[in-house]
Structure formats: structure tokens, C-alpha cells
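**Q** Before we start, here is the structure in question, set down as C-alpha cells.
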Amino acid sequence: MAIKRKIGIQRIKEYLSARKEGRKKIGVLVDGPNMLRKEFNLNLKEIREILDSYGDVKIAKVFINQYAGEKLVEAIENQGFEPVVTSGDVDVKMAVEAMEIIYNDSIDVLALVTRDADFKAVLQKAMEKGKETIIIGAEPGFSAALKNAADIAICLNEEEE
């Protein structure tokens, strides 16, 4: 399984590398409660490597709730992401941050790491404002509507053929 995953990540990086025109400036937001789950085995380092093959990550944040342990917060920081701890709804905080990126003229690409269809409207607004969009998710439960709303959709645990 690990070998298949490595091949898949390499293919994704090659695809993105071939697609880019100049170095894009990327803002990436990770939906912690939705994606940082044992069944997905999400590796933040892989996320950064994938996006680094497409451009320069300028904003990297992971949204987590107040029940996240100190070890998780430390692990997020060690991977070069900023942990954003919220006592309210993580999705709302992440959507607000996404809107700030959409209206930030120094960022070219909005990358979201989530499976949640609620972020479809955010992707549509980003595209409307001229941002490229990347959605990174995992199965099961990776919204088809979300995949279809983004310029680039990446499923991390998709089986290789």
C-alpha cells in the first residue's frame, strides 16, 4: 500500500509540475477534523510536497478544534503549518480565512484540503475572483460536487491502476 501511495504522489507532483506556468503563490487551508483522521493517514509533508511542485506555499494553516491535543498541535507546527485552534465551528473559521485569501492579491492559488461539500461555494467564489483552485481530499466521502468545482482535484488515497 505504501508503494502504491508513493507512486500516486509522484504522479500528482509530475502532473502539477507540467501544468504550472511560472511559480504560483499558494494559500493552503486544511480542515483538520475532516482530514486528520487515522483512516486517511494524511501526511502534511506530502501535501506540502505536492503543492511545492506547483508553486510556492505562502500561507499554510490547519484548522482544529479546542479538543486537539498538544502533540497534534506540535506535529502541525513541525510540518511548517500554522495551527488555528477554534472553539467554534472549524468550517466557519476556515471559510472566513479562505475568503481572506481570495481577496489577497498576492496569492494566486487557493488550495483546500477537505472532503466537505460545504466548501463548494468558497471554491466558486475563488474562481469568480480569478484564483486558481485545488481541492485535496480522500475517500470515502470526498464530495463529487467539490471535486467538480475545483480547477484541480486530488484524491490522496485513490487506488493506482
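Here's how to read the names in the C-alpha cells: chain A, B, ... by the order shown, residue numbers from 1 in each chain, ligand numbers from 1 in the order shown.
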Please, which residues of segment 68-154 of chain A, numbered as in this document, come out strand (DSSP E) from DSSP, as an MDAnalysis selection string?

**A** chainID A and resid 82:86 109:113 132:137 152:154

**Q** Quick one: write out the picked residues with N, CA and C atoms as a short mmCIF file (atom, residue, chain, number, x, y, z; two decimals), in the first residue's frame?

**A**
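Output file result33.cif is given in full below:
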```
data_model
loop_
_atom_site.label_atom_id
_atom_site.label_comp_id
_atom_site.auth_asym_id
_atom_site.auth_seq_id
_atom_site.Cartn_x
_atom_site.Cartn_y
_atom_site.Cartn_z
N GLU A 82 0.64 26.40 10.21
CA GLU A 82 0.20 27.15 11.39
C GLU A 82 -1.09 26.51 11.91
N PRO A 83 -1.09 26.04 13.16
CA PRO A 83 -2.34 25.50 13.70
C PRO A 83 -3.26 26.65 14.09
N VAL A 84 -4.53 26.54 13.70
CA VAL A 84 -5.53 27.53 14.07
C VAL A 84 -6.56 26.79 14.92
N VAL A 85 -6.54 27.07 16.22
CA VAL A 85 -7.43 26.39 17.16
C VAL A 85 -8.66 27.26 17.35
N THR A 86 -9.83 26.65 17.18
CA THR A 86 -11.06 27.40 17.33
C THR A 86 -12.01 26.69 18.28
N VAL A 109 -3.31 31.01 -5.90
CA VAL A 109 -4.00 29.73 -5.83
C VAL A 109 -4.53 29.49 -4.43
N LEU A 110 -5.80 29.07 -4.35
CA LEU A 110 -6.39 28.64 -3.10
C LEU A 110 -6.46 27.12 -3.13
N ALA A 111 -5.79 26.48 -2.18
CA ALA A 111 -5.82 25.02 -2.06
C ALA A 111 -6.53 24.67 -0.75
N LEU A 112 -7.55 23.84 -0.86
CA LEU A 112 -8.27 23.38 0.32
C LEU A 112 -8.07 21.88 0.47
N VAL A 113 -7.83 21.45 1.70
CA VAL A 113 -7.69 20.02 2.00
C VAL A 113 -8.90 19.66 2.85
N GLU A 132 -6.94 30.43 -9.00
CA GLU A 132 -6.95 29.01 -9.33
C GLU A 132 -7.33 28.26 -8.06
N THR A 133 -7.94 27.09 -8.23
CA THR A 133 -8.35 26.33 -7.06
C THR A 133 -7.87 24.89 -7.16
N ILE A 134 -7.44 24.39 -6.01
CA ILE A 134 -7.03 22.99 -5.88
C ILE A 134 -7.78 22.43 -4.68
N ILE A 135 -8.39 21.28 -4.87
CA ILE A 135 -9.03 20.59 -3.76
C ILE A 135 -8.30 19.27 -3.56
N ILE A 136 -7.93 18.99 -2.33
CA ILE A 136 -7.25 17.74 -1.98
C ILE A 136 -8.11 17.04 -0.94
N GLY A 137 -8.46 15.80 -1.22
CA GLY A 137 -9.32 15.06 -0.30
C GLY A 137 -8.98 13.60 -0.27
N ILE A 152 -8.31 21.83 -10.06
CA ILE A 152 -7.56 20.59 -9.89
C ILE A 152 -8.11 19.88 -8.67
N ALA A 153 -8.45 18.61 -8.84
CA ALA A 153 -8.94 17.78 -7.72
C ALA A 153 -7.99 16.61 -7.53
N ILE A 154 -7.53 16.41 -6.31
CA ILE A 154 -6.58 15.34 -5.99
C ILE A 154 -7.17 14.48 -4.89
#
```

**Q** Could you give me, as a ChimeraX atom specification, each residue of segment 68-126 of chain A that DSSP assigns to helix (DSSP H, G or I) when run on this structure's backbone?

**A** /A:70-78,90-102,117-126

**Q** Could you please determine the separation between atom CA of Asn43 of chain A and atom CA of Leu156 of chain A in Å, to one decimal place?

**A**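 Spanning atom CA of Asn43 of chain A to atom CA of Leu156 of chain A is a straight-line distance of 9.8 Å.
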
**Q** Which residue out of A:Val62, A:Met127, A:Val30, A:Val57 has the minimum interatomic distance to Ser106 of chain A when only C-alpha atoms are used?

**A**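 Closest to Ser106 of chain A of all the choices is A:Val57.
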
**Q** From the options A:Ala149, A:Val90, A:Ile76, A:Tyr67, which residue's atoms come nearest to Leu42 of chain A, counting only C-alpha atoms?

**A**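 Of A:Ala149, A:Val90, A:Ile76, A:Tyr67, the one nearest Leu42 of chain A is A:Ile76, counting only C-alpha atoms.
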
**Q** Find the spatial neighbours of Ala138 of chain A, counting only C-alpha atoms, within a cut-off of 7 Å - ignore same-chain residues fewer than 4 positions away - and output them as a list in words.

**A**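 Using only C-alpha atoms, the neighbours found are Phe40, Arg115, Phe142, Cys155, Leu156 and Asn157 of chain A.
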
**Q** Between atom CA of Val92 of chain A and atom CA of Asn148 of chain A, what distance in Å does the model show, to one decimal?

**A**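 Computing the Euclidean distance for atom CA of Val92 of chain A and atom CA of Asn148 of chain A yields 21.7 Å.
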
**Q** Using only C-alpha atoms, can you tell me which of A:Leu36, A:Ile26, A:Ile59, A:Ala98 comes closest to Leu123 of chain A?

**A**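 With only C-alpha atoms as the atom set, the closest residue is A:Ala98.
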
**Q** Ranking A:Asn34, A:Ala145, A:Leu29, A:Ile107 by minimum distance to Ala95 of chain A and counting only C-alpha atoms, which one comes first?

**A** A:Leu29

**Q** Quick one, how far is atom CA of Ala144 of chain A from atom CA of Gly88 of chain A?

**A** 26.7 Å
